[in-house]
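Peer 1: Got a structure for you, start-v5.cif, holding mmCIF, C-alpha atoms and all ligand atoms.
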```cif
data_query
#
loop_
_atom_site.label_atom_id
_atom_site.label_comp_id
_atom_site.auth_asym_id
_atom_site.auth_seq_id
_atom_site.Cartn_x
_atom_site.Cartn_y
_atom_site.Cartn_z
CA MET A 232 121.03 90.49 99.58
CA GLN A 233 120.93 89.64 95.88
CA LYS A 234 120.26 92.18 93.16
CA ILE A 235 118.68 90.50 90.14
CA GLU A 236 117.82 92.15 86.82
CA ARG A 237 116.65 89.22 84.70
CA ILE A 238 113.30 87.44 85.02
CA ALA A 239 114.80 84.02 84.22
CA GLN A 240 117.51 84.49 86.83
CA LEU A 241 114.95 85.48 89.46
CA ARG A 242 112.84 82.40 88.71
CA ASP A 243 115.92 80.15 88.91
CA PHE A 244 116.86 81.73 92.22
CA LEU A 245 113.38 81.29 93.73
CA ARG A 246 112.66 77.76 92.39
CA PRO A 247 114.51 75.76 95.09
CA HIS A 248 112.81 77.78 97.85
CA ARG A 249 109.17 77.39 96.87
CA GLU A 250 108.23 75.87 100.24
CA ARG A 251 109.23 79.14 101.92
CA ARG A 252 106.57 81.79 102.36
CA LEU A 253 107.40 84.49 99.83
CA GLY A 254 106.51 88.15 100.16
CA LEU A 255 106.60 90.71 97.34
CA VAL A 256 106.83 94.48 97.76
CA PRO A 257 106.37 96.20 94.37
CA THR A 258 107.87 99.71 94.22
CA MET A 259 109.15 102.30 91.77
CA GLY A 260 112.22 102.80 93.95
CA TYR A 261 113.80 105.87 95.54
CA LEU A 262 112.85 104.15 98.76
CA HIS A 263 111.67 106.03 101.84
CA GLU A 264 110.23 105.03 105.21
CA GLY A 265 106.84 104.29 103.63
CA HIS A 266 108.37 101.62 101.38
CA LEU A 267 110.58 100.38 104.21
CA SER A 268 107.54 99.85 106.46
CA LEU A 269 106.11 97.50 103.81
CA ILE A 270 109.43 95.65 103.52
CA ARG A 271 109.68 95.30 107.31
CA GLN A 272 106.12 93.99 107.49
CA ALA A 273 106.88 91.49 104.70
CA ALA A 274 110.08 90.40 106.46
CA LYS A 275 108.13 89.86 109.70
CA GLU A 276 105.58 87.64 107.99
CA CYS A 277 107.53 85.88 105.22
CA GLU A 278 110.63 83.72 105.03
CA GLN A 279 111.80 85.34 101.82
CA VAL A 280 111.14 88.87 100.58
CA VAL A 281 111.45 90.19 97.03
CA VAL A 282 111.37 93.97 96.56
CA SER A 283 110.89 95.05 92.97
CA VAL A 284 112.11 98.42 91.76
CA PHE A 285 110.68 99.28 88.37
CA VAL A 286 109.62 102.68 87.11
CA ASN A 287 106.79 101.40 84.97
CA PRO A 288 106.33 103.54 81.84
CA LEU A 289 102.82 102.12 81.28
CA GLN A 290 101.43 103.88 84.34
CA PHE A 291 102.67 107.35 83.37
CA GLY A 292 100.60 109.53 81.05
CA PRO A 293 102.01 111.87 78.39
CA GLY A 294 103.55 114.92 80.06
CA GLU A 295 103.84 113.22 83.44
CA ASP A 296 107.11 112.81 85.36
CA LEU A 297 108.43 109.51 83.92
CA ASP A 298 111.69 111.08 82.74
CA ARG A 299 112.44 112.98 85.92
CA TYR A 300 111.18 110.33 88.36
CA PRO A 301 113.90 110.14 91.06
CA ARG A 302 116.15 107.06 90.99
CA ASP A 303 118.98 105.80 93.22
CA LEU A 304 119.40 102.05 92.93
CA GLU A 305 122.51 101.86 95.06
CA ARG A 306 120.79 103.52 97.99
CA ASP A 307 117.63 101.44 97.41
CA GLN A 308 119.69 98.25 97.61
CA LYS A 309 121.25 99.27 100.91
CA LEU A 310 117.96 100.40 102.49
CA ALA A 311 115.94 97.41 101.27
CA GLY A 312 118.60 95.01 102.61
CA GLU A 313 118.63 96.72 106.00
CA ALA A 314 114.82 96.52 106.16
CA GLY A 315 114.90 92.75 105.58
CA ALA A 316 114.65 92.22 101.80
CA ASP A 317 116.43 89.16 100.39
CA ILE A 318 116.23 90.07 96.73
CA LEU A 319 116.05 93.40 94.93
CA PHE A 320 114.49 92.75 91.52
CA THR A 321 115.43 95.59 89.17
CA PRO A 322 114.35 94.72 85.63
CA GLY A 323 114.85 97.22 82.81
CA VAL A 324 111.99 98.29 80.54
CA GLY A 325 113.30 95.95 77.80
CA GLU A 326 113.19 93.01 80.23
CA MET A 327 109.60 93.70 81.29
CA TYR A 328 108.23 94.70 77.87
CA PRO A 329 110.56 93.14 75.29
CA ASN A 330 107.96 93.31 72.50
CA GLY A 331 106.19 96.42 73.67
CA ALA A 332 103.07 95.78 75.72
CA LYS A 333 100.20 94.37 73.70
CA THR A 334 98.31 92.90 76.66
CA THR A 335 96.55 95.19 79.11
CA VAL A 336 94.88 94.24 82.37
CA ARG A 337 91.97 96.62 82.88
CA ILE A 338 89.76 96.75 85.95
CA THR A 339 86.55 98.55 85.11
CA GLY A 340 84.46 100.82 87.34
CA LEU A 341 86.88 101.29 90.20
CA THR A 342 89.44 102.86 87.88
CA ASP A 343 87.34 105.58 86.24
CA ARG A 344 87.19 107.82 89.33
CA LEU A 345 89.62 109.63 91.67
CA CYS A 346 93.15 109.27 90.24
CA GLY A 347 91.77 107.17 87.38
CA ALA A 348 89.76 110.16 86.16
CA SER A 349 92.73 112.55 86.36
CA ARG A 350 95.25 110.05 85.01
CA PRO A 351 93.54 108.08 82.23
CA GLY A 352 95.21 104.70 81.70
CA HIS A 353 97.21 104.92 84.93
CA PHE A 354 95.51 101.94 86.59
CA ASP A 355 95.73 99.86 83.39
CA GLY A 356 99.49 100.32 83.66
CA VAL A 357 99.49 99.49 87.37
CA ALA A 358 97.30 96.38 86.99
CA THR A 359 99.32 95.15 84.01
CA VAL A 360 102.68 95.49 85.72
CA VAL A 361 101.46 94.09 89.05
CA SER A 362 99.93 91.06 87.34
CA LYS A 363 103.25 90.51 85.51
CA LEU A 364 105.12 90.76 88.82
CA PHE A 365 102.67 88.29 90.41
CA HIS A 366 103.35 85.83 87.58
CA ILE A 367 107.10 86.35 87.68
CA VAL A 368 107.55 86.16 91.47
CA GLU A 369 104.50 84.02 92.47
CA PRO A 370 104.40 85.52 95.95
CA ASP A 371 102.24 84.20 98.79
CA ARG A 372 101.71 87.74 100.01
CA ALA A 373 102.04 91.13 98.35
CA TYR A 374 102.35 94.36 100.32
CA PHE A 375 100.87 97.71 99.30
CA GLY A 376 100.53 101.08 101.03
CA GLN A 377 97.21 102.54 102.07
CA LYS A 378 98.61 105.87 100.89
CA ASP A 379 97.57 104.66 97.42
CA ALA A 380 94.20 103.42 98.63
CA GLN A 381 92.62 103.29 95.18
CA GLN A 382 95.54 101.17 93.99
CA VAL A 383 94.91 98.74 96.88
CA ALA A 384 91.21 98.51 95.94
CA VAL A 385 92.08 97.93 92.27
CA ILE A 386 94.67 95.23 93.05
CA GLN A 387 92.32 93.48 95.47
CA GLN A 388 89.63 93.44 92.80
CA MET A 389 92.08 92.09 90.22
CA VAL A 390 93.26 89.34 92.58
CA GLN A 391 89.67 88.28 93.20
CA ASP A 392 88.57 88.50 89.58
CA LEU A 393 91.60 86.63 88.18
CA ASN A 394 92.09 84.23 91.13
CA PHE A 395 95.69 85.13 91.78
CA PRO A 396 96.80 82.88 94.66
CA VAL A 397 98.17 85.80 96.65
CA GLU A 398 97.12 87.59 99.80
CA VAL A 399 97.06 91.35 99.36
CA VAL A 400 98.20 93.11 102.51
CA SER A 401 97.68 96.84 102.81
CA CYS A 402 99.82 98.73 105.31
CA PRO A 403 99.20 102.09 107.03
CA THR A 404 100.48 105.34 105.50
CA VAL A 405 103.81 106.48 106.91
CA ARG A 406 104.02 110.23 107.43
CA GLU A 407 106.55 112.98 108.04
CA ALA A 408 106.50 114.72 111.43
CA ASP A 409 104.04 117.35 110.13
CA GLY A 410 101.72 114.69 108.72
CA LEU A 411 102.69 114.84 105.03
CA ALA A 412 102.44 111.34 103.56
CA MET A 413 105.89 110.17 102.52
CA SER A 414 106.32 109.96 98.77
CA SER A 415 109.24 109.73 96.37
CA ARG A 416 107.70 112.76 94.65
CA ASN A 417 108.07 114.98 97.75
CA VAL A 418 111.62 115.79 96.57
CA TYR A 419 110.06 117.89 93.79
CA LEU A 420 108.59 120.33 96.35
CA SER A 421 110.30 123.70 96.92
CA PRO A 422 110.83 124.58 100.62
CA GLU A 423 107.75 126.83 100.49
CA GLU A 424 105.59 124.15 98.82
CA ARG A 425 106.87 121.56 101.29
CA LYS A 426 105.53 123.72 104.15
CA GLN A 427 102.19 124.17 102.39
CA ALA A 428 101.88 120.42 101.76
CA ALA A 429 101.13 119.69 105.42
CA ILE A 430 97.67 121.20 104.89
CA LEU A 431 96.50 117.99 103.18
CA TYR A 432 96.70 115.68 106.16
CA LYS A 433 95.92 118.47 108.63
CA THR A 434 92.60 118.97 106.84
CA LEU A 435 91.86 115.24 106.60
CA ARG A 436 92.56 114.95 110.33
CA GLU A 437 90.24 117.84 111.12
CA ALA A 438 87.52 116.22 109.03
CA THR A 439 88.10 112.93 110.85
CA ARG A 440 87.67 114.68 114.19
CA GLU A 441 84.49 116.40 113.02
CA ARG A 442 83.10 113.11 111.79
CA GLU A 443 83.96 111.33 115.02
CA ALA A 444 82.29 114.13 117.00
CA GLY A 445 79.15 113.58 114.94
CA ARG A 446 79.37 116.97 113.22
CA LEU A 447 79.94 115.57 109.71
CA CYS A 448 77.25 113.02 108.92
CA ARG A 449 77.04 113.18 105.14
CA ALA A 450 79.61 112.66 102.42
CA ALA A 451 78.70 115.94 100.71
CA GLU A 452 79.27 117.87 103.95
CA ALA A 453 82.64 116.22 104.42
CA VAL A 454 83.66 117.10 100.86
CA GLN A 455 82.62 120.71 101.42
CA PHE A 456 84.45 120.87 104.75
CA ILE A 457 87.72 119.63 103.18
CA ARG A 458 87.35 121.70 99.99
CA GLU A 459 86.77 124.97 101.85
CA ARG A 460 89.97 124.54 103.83
CA LEU A 461 92.13 123.46 100.90
CA GLU A 462 90.81 126.28 98.70
CA LYS A 463 92.23 128.79 101.21
CA ALA A 464 95.76 127.41 100.84
CA GLU A 465 97.88 129.63 98.62
CA GLY A 466 99.37 128.10 95.49
CA LEU A 467 97.42 124.89 95.91
CA LEU A 468 95.21 123.66 93.06
CA ILE A 469 92.60 121.04 93.90
CA ASP A 470 92.40 118.09 91.51
CA TYR A 471 89.69 116.27 93.46
CA VAL A 472 88.15 115.97 96.90
CA GLU A 473 85.87 112.96 97.21
CA VAL A 474 84.25 110.90 99.92
CA LEU A 475 83.22 107.46 98.65
CA SER A 476 82.54 103.99 99.99
CA TYR A 477 85.68 101.90 100.45
CA PRO A 478 86.88 99.70 98.85
CA GLU A 479 83.99 99.87 96.33
CA LEU A 480 84.60 103.58 95.63
CA GLU A 481 80.89 104.23 95.06
CA PRO A 482 79.08 107.51 95.86
CA LEU A 483 77.78 107.71 99.41
CA ASP A 484 75.16 109.70 101.23
CA ARG A 485 75.53 109.08 104.96
CA LEU A 486 78.85 108.45 106.70
CA ASP A 487 77.60 106.38 109.61
CA GLY A 488 77.29 103.14 107.65
CA ASP A 489 80.09 101.11 106.09
CA ARG A 490 83.70 102.03 105.56
CA SER A 491 84.36 105.17 103.56
CA ILE A 492 87.35 107.00 102.17
CA ALA A 493 88.04 110.72 102.12
CA ALA A 494 90.53 111.16 99.29
CA VAL A 495 92.23 114.27 97.98
CA ALA A 496 94.59 115.08 95.12
CA VAL A 497 96.13 118.50 94.66
CA ARG A 498 98.81 120.24 92.71
CA LEU A 499 101.47 122.32 94.44
CA GLY A 500 103.54 123.94 91.73
CA SER A 501 104.47 121.11 89.37
CA THR A 502 103.97 118.38 91.98
CA ARG A 503 100.85 116.27 92.26
CA LEU A 504 100.15 115.06 95.81
CA ILE A 505 97.52 112.60 97.03
CA ASP A 506 96.37 111.59 100.47
CA ASN A 507 93.43 109.86 102.10
CA VAL A 508 91.92 108.66 105.33
CA ILE A 509 89.66 105.66 105.80
CA TRP A 510 86.65 106.06 108.10
CA PRO A 511 86.31 104.50 110.62
CA GLN A 512 90.09 104.62 110.97
CA GLU A 513 91.87 101.33 110.57
CA GLU A 514 95.32 99.77 110.46
CA GLY A 515 95.47 98.23 106.97
CA THR A 516 93.61 95.18 105.64
CA ARG A 517 94.08 91.72 104.16
CA CYS A 518 92.34 90.17 101.22
CA THR A 519 92.69 86.89 99.30
CA SER A 520 91.01 85.57 96.16
CA PRO A 521 88.09 83.14 96.67
P1 LIG A 601 105.71 103.67 94.74
O1 LIG A 601 107.19 103.42 94.75
O2 LIG A 601 105.36 105.09 94.99
O3 LIG A 601 105.02 103.05 93.56
O4 LIG A 601 105.15 102.90 96.02
C1 LIG A 601 105.39 101.54 96.21
C2 LIG A 601 104.52 101.04 97.34
O5 LIG A 601 104.82 101.76 98.53
C3 LIG A 601 103.02 101.26 97.07
O6 LIG A 601 102.30 100.14 97.56
C4 LIG A 601 102.73 102.49 97.87
O7 LIG A 601 101.38 102.59 98.28
C5 LIG A 601 103.64 102.30 99.05
N1 LIG A 601 103.89 103.59 99.70
C6 LIG A 601 104.33 104.73 99.12
N2 LIG A 601 104.37 105.72 100.02
C7 LIG A 601 103.95 105.21 101.20
C8 LIG A 601 103.76 105.74 102.51
N3 LIG A 601 104.01 107.02 102.79
N4 LIG A 601 103.30 104.92 103.47
C9 LIG A 601 103.02 103.62 103.20
N5 LIG A 601 103.18 103.05 101.98
C10 LIG A 601 103.63 103.84 100.99
#
```
Here is the file; what I need is its structure written in the form of structure tokens.
Ligand code: AMP
Peer 2:
Amino acid sequence: MQKIERIAQLRDFLRPHRERRLGLVPTMGYLHEGHLSLIRQAAKECEQVVVSVFVNPLQFGPGEDLDRYPRDLERDQKLAGEAGADILFTPGVGEMYPNGAKTTVRITGLTDRLCGASRPGHFDGVATVVSKLFHIVEPDRAYFGQKDAQQVAVIQQMVQDLNFPVEVVSCPTVREADGLAMSSRNVYLSPEERKQAAILYKTLREATREREAGRLCRAAEAVQFIRERLEKAEGLLIDYVEVLSYPELEPLDRLDGDRSIAAVAVRLGSTRLIDNVIWPQEEGTRCTSP
């Protein structure tokens, strides 16, 4: 596997292989099984796989964890290679934003709720860096995790609106044995917080069961059901609990119609955790621009 830091070098490397189907897995590194599942899926479907590792300053707000975000490039290189990546693209901030960043890609509507409301500007940073990566790598397919379901919806909208010739593939959330969604940020949790964190998915699963049994028919009831349980968890601060249509992320009344998402964000100590389930449950999606 090749590790490449420069955009020009990556383009030179990819140019002779343009007939090969190319997959891109954008990450911020410190890879775990969630990332590796995306890389394995890409390797199954594509003849060449680029994994990018870039901790993108544009998507962090003031006071967020940019400076302490965990990093281990050597380990990432080993794990990505074993999972089937051909190239690890690891540009520095100066390589990605040599003159600062004066162009912003902003998706309206979808980005002003859920994590977009709690983290103003976050999705501008995500959309800007992902569109740069799409231009740099020109992948046929790009792989994202359903764990960040709002991100998937935002990227799918961007791909449609800007006619990026890429298929967006979303892959199921990979979880720890107790259900906690894997995340690079889980290393911030103290042993006590780590135990508490399982309540997120446990509650979402209970709500899923209630919905499937026909006992939760309205979005507001589902929100209340989830909120009541999370509020009882010690040391846990709720950022949001929402049930919206998916991928439109619009308010909903009844839950028996189209797809919906139950999404939660909480704080445990200094760590912000998110999780979600899609109803009816599904195994990831695919979406291309018209
Ligand atoms: P990150 O490095 O956190 O920016 O994540 C890079 C990609 O991996 C994003 O598309 C995430 O949605 C995805 N990802 C992160 N955690 C998981 C997980 N537990 N399961 C599946 N995909 C994940």
Peer 1: Counting only C-alpha atoms and all ligand atoms, give me one row per residue of chain A with an atom at most 8 Å from an atom of ligand LIG 601 (chain A), showing the shortest contact pair and its distance in Å to one decimal, sorted by chain then residue number, as JSON lines.
Peer 2:
```
{"residue": "A:Val256", "atom": "CA", "partner": "A:LIG601", "partner_atom": "C2", "distance": 7.0}
{"residue": "A:Pro257", "atom": "CA", "partner": "A:LIG601", "partner_atom": "C1", "distance": 5.7}
{"residue": "A:Thr258", "atom": "CA", "partner": "A:LIG601", "partner_atom": "C1", "distance": 3.7}
{"residue": "A:Met259", "atom": "CA", "partner": "A:LIG601", "partner_atom": "O1", "distance": 3.7}
{"residue": "A:Gly260", "atom": "CA", "partner": "A:LIG601", "partner_atom": "O1", "distance": 5.1}
{"residue": "A:Tyr261", "atom": "CA", "partner": "A:LIG601", "partner_atom": "O1", "distance": 7.1}
{"residue": "A:Leu262", "atom": "CA", "partner": "A:LIG601", "partner_atom": "O1", "distance": 7.0}
{"residue": "A:His263", "atom": "CA", "partner": "A:LIG601", "partner_atom": "N2", "distance": 7.5}
{"residue": "A:Glu264", "atom": "CA", "partner": "A:LIG601", "partner_atom": "N3", "distance": 7.0}
{"residue": "A:Gly265", "atom": "CA", "partner": "A:LIG601", "partner_atom": "C8", "distance": 3.6}
{"residue": "A:His266", "atom": "CA", "partner": "A:LIG601", "partner_atom": "O5", "distance": 4.6}
{"residue": "A:Ser268", "atom": "CA", "partner": "A:LIG601", "partner_atom": "C9", "distance": 6.7}
{"residue": "A:Leu269", "atom": "CA", "partner": "A:LIG601", "partner_atom": "N5", "distance": 6.5}
{"residue": "A:Val284", "atom": "CA", "partner": "A:LIG601", "partner_atom": "O1", "distance": 7.6}
{"residue": "A:Val286", "atom": "CA", "partner": "A:LIG601", "partner_atom": "O3", "distance": 7.9}
{"residue": "A:Tyr374", "atom": "CA", "partner": "A:LIG601", "partner_atom": "O6", "distance": 6.4}
{"residue": "A:Phe375", "atom": "CA", "partner": "A:LIG601", "partner_atom": "O6", "distance": 3.3}
{"residue": "A:Gly376", "atom": "CA", "partner": "A:LIG601", "partner_atom": "O7", "distance": 3.3}
{"residue": "A:Gln377", "atom": "CA", "partner": "A:LIG601", "partner_atom": "O7", "distance": 5.6}
{"residue": "A:Lys378", "atom": "CA", "partner": "A:LIG601", "partner_atom": "O7", "distance": 5.0}
{"residue": "A:Asp379", "atom": "CA", "partner": "A:LIG601", "partner_atom": "O7", "distance": 4.4}
{"residue": "A:Ala380", "atom": "CA", "partner": "A:LIG601", "partner_atom": "O7", "distance": 7.2}
{"residue": "A:Gln382", "atom": "CA", "partner": "A:LIG601", "partner_atom": "O7", "distance": 7.4}
{"residue": "A:Val383", "atom": "CA", "partner": "A:LIG601", "partner_atom": "O6", "distance": 7.6}
{"residue": "A:Ser401", "atom": "CA", "partner": "A:LIG601", "partner_atom": "O6", "distance": 7.7}
{"residue": "A:Cys402", "atom": "CA", "partner": "A:LIG601", "partner_atom": "C9", "distance": 6.2}
{"residue": "A:Pro403", "atom": "CA", "partner": "A:LIG601", "partner_atom": "C9", "distance": 5.6}
{"residue": "A:Thr404", "atom": "CA", "partner": "A:LIG601", "partner_atom": "N4", "distance": 3.5}
{"residue": "A:Val405", "atom": "CA", "partner": "A:LIG601", "partner_atom": "N4", "distance": 3.8}
{"residue": "A:Arg406", "atom": "CA", "partner": "A:LIG601", "partner_atom": "N3", "distance": 5.6}
{"residue": "A:Ala412", "atom": "CA", "partner": "A:LIG601", "partner_atom": "N3", "distance": 4.7}
{"residue": "A:Met413", "atom": "CA", "partner": "A:LIG601", "partner_atom": "N3", "distance": 3.7}
{"residue": "A:Ser414", "atom": "CA", "partner": "A:LIG601", "partner_atom": "N2", "distance": 4.8}
{"residue": "A:Ser415", "atom": "CA", "partner": "A:LIG601", "partner_atom": "O2", "distance": 6.2}
```
Peer 1: Any idea what's packed within 9 Å of stretch 331-338 of chain A, counting all atoms listed in the file, ignoring anything in its chain fewer than 4 positions away? Could you give it as a VMD selection string?
Peer 2: chain A and resid 289 325 327 342 352 354 to 360 362 385 to 386 388 to 389
Peer 1: Skipping near chain neighbours, those fewer than 3 positions away, what residues fall within 6 Å of stretch 307-319 of chain A using all atoms listed in the file, listed as a PDB file with C-alpha atoms, keeping the file's coordinate frame?
Peer 2:
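Here's the written file result_8.pdb:
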```pdb
ATOM      1  CA  MET A 232     121.030  90.490  99.580  1.00  0.00           C
ATOM      2  CA  GLN A 233     120.930  89.640  95.880  1.00  0.00           C
ATOM      3  CA  LYS A 234     120.260  92.180  93.160  1.00  0.00           C
ATOM      4  CA  LEU A 262     112.850 104.150  98.760  1.00  0.00           C
ATOM      5  CA  ARG A 271     109.680  95.300 107.310  1.00  0.00           C
ATOM      6  CA  ALA A 274     110.080  90.400 106.460  1.00  0.00           C
ATOM      7  CA  VAL A 280     111.140  88.870 100.580  1.00  0.00           C
ATOM      8  CA  VAL A 281     111.450  90.190  97.030  1.00  0.00           C
ATOM      9  CA  VAL A 282     111.370  93.970  96.560  1.00  0.00           C
ATOM     10  CA  SER A 283     110.890  95.050  92.970  1.00  0.00           C
ATOM     11  CA  LEU A 304     119.400 102.050  92.930  1.00  0.00           C
TER      12      LEU A 304
END
```
Peer 1: With a distance cut-off of 7 Å and only C-alpha atoms, select the neighbouring residues of stretch 434-447 of chain A, excluding the residue or stretch itself and same-chain residues fewer than 2 positions from it, and output the selection as a list of chain:residue names.
Peer 2: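 That gives A:Ile430, A:Leu431, A:Tyr432, A:Arg449, A:Glu452, A:Ala453, A:Ile457, A:Arg460, A:Val508.
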Peer 1: Neighbours of A:Arg251 within 8 Å (only C-alpha atoms; same-chain residues fewer than 2 positions away dropped), as a list in words?
Peer 2: His248, Arg249, Leu253, Cys277, Glu278 and Gln279 of chain A
Peer 1: For a test of reading the model, state the distance in Å between atom CA of A:Leu480 and atom CA of A:Asn417, rounded to one decimal.
Peer 2: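 According to the coordinates, atom CA of A:Leu480 and atom CA of A:Asn417 are separated by 26.2 Å.
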Peer 1: What separation in Å, quoted to one decimal, exists between atom CA of A:Cys448 and atom CA of A:Asp484?
Peer 2: 8.6 Å
Peer 1: Pick from A:Gln381, A:Asn394, A:Asn287, A:Gln427: nearest to A:Val361, with all atoms listed in the file counted?
Peer 2: A:Asn287
Peer 1: Between A:Val390, A:Leu241, A:Leu486, A:Val400, single out the one closest to A:Gly254, counting all atoms listed in the file.
Peer 2: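 Closest candidate: A:Val400.
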Peer 1: Expressed in Å to a single decimal, how great is the separation between atom CA of A:Glu473 and atom CA of A:Leu499?
Peer 2: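 So the answer is 18.4 Å.
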Peer 1: Adding 3 Å on each side of the box along x, y and z that holds all listed atoms of stretch 283-289 of chain A, could you give its centre and edge lengths in Å to one decimal, as AutoDock Vina command-line options?
Peer 2:
```
--center_x 107.5 --center_y 99.3 --center_z 87.1 --size_x 15.3 --size_y 14.5 --size_z 17.7
```
Peer 1: Pick the closest to A:Leu341 from A:Tyr471, A:Ile509, A:Arg237, A:Gln387: which is it, counting only C-alpha atoms?
Peer 2: A:Gln387
Peer 1: So, counting all atoms listed in the file, which residue among A:Ile492, A:Ile270, A:Ala464, A:Val324 is closest to A:Tyr477?
Peer 2: A:Ile492
Peer 1: Compile the contact shell of A:Val454 as a ChimeraX atom specification: residues with an atom at most 9 Å away, counting all atoms listed in the file, same-chain residues fewer than 4 positions apart removed.
Peer 2: /A:449-450,458-459,472-474,493
Peer 1: Pick from A:Cys346, A:Leu461, A:Val368, A:Leu467: nearest to A:Glu423, with all atoms listed in the file counted?
Peer 2: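 So, comparing all the options, the nearest one is A:Leu467.
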Peer 1: (81.6, 100.6, 97.6) in this file's frame - what residues fall within 10 Å of it? Use all atoms listed in the file and give the answer as a PyMOL selection string.
Peer 2: chain A and resi 341+384+475-483+489-492
Peer 1: Here is a test: counting only C-alpha atoms, which residue of A:Thr321, A:Leu393, A:Ala273, A:Asp371 is nearest to A:Glu305?
Peer 2: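 That would be A:Thr321, the residue with the smallest distance to A:Glu305.
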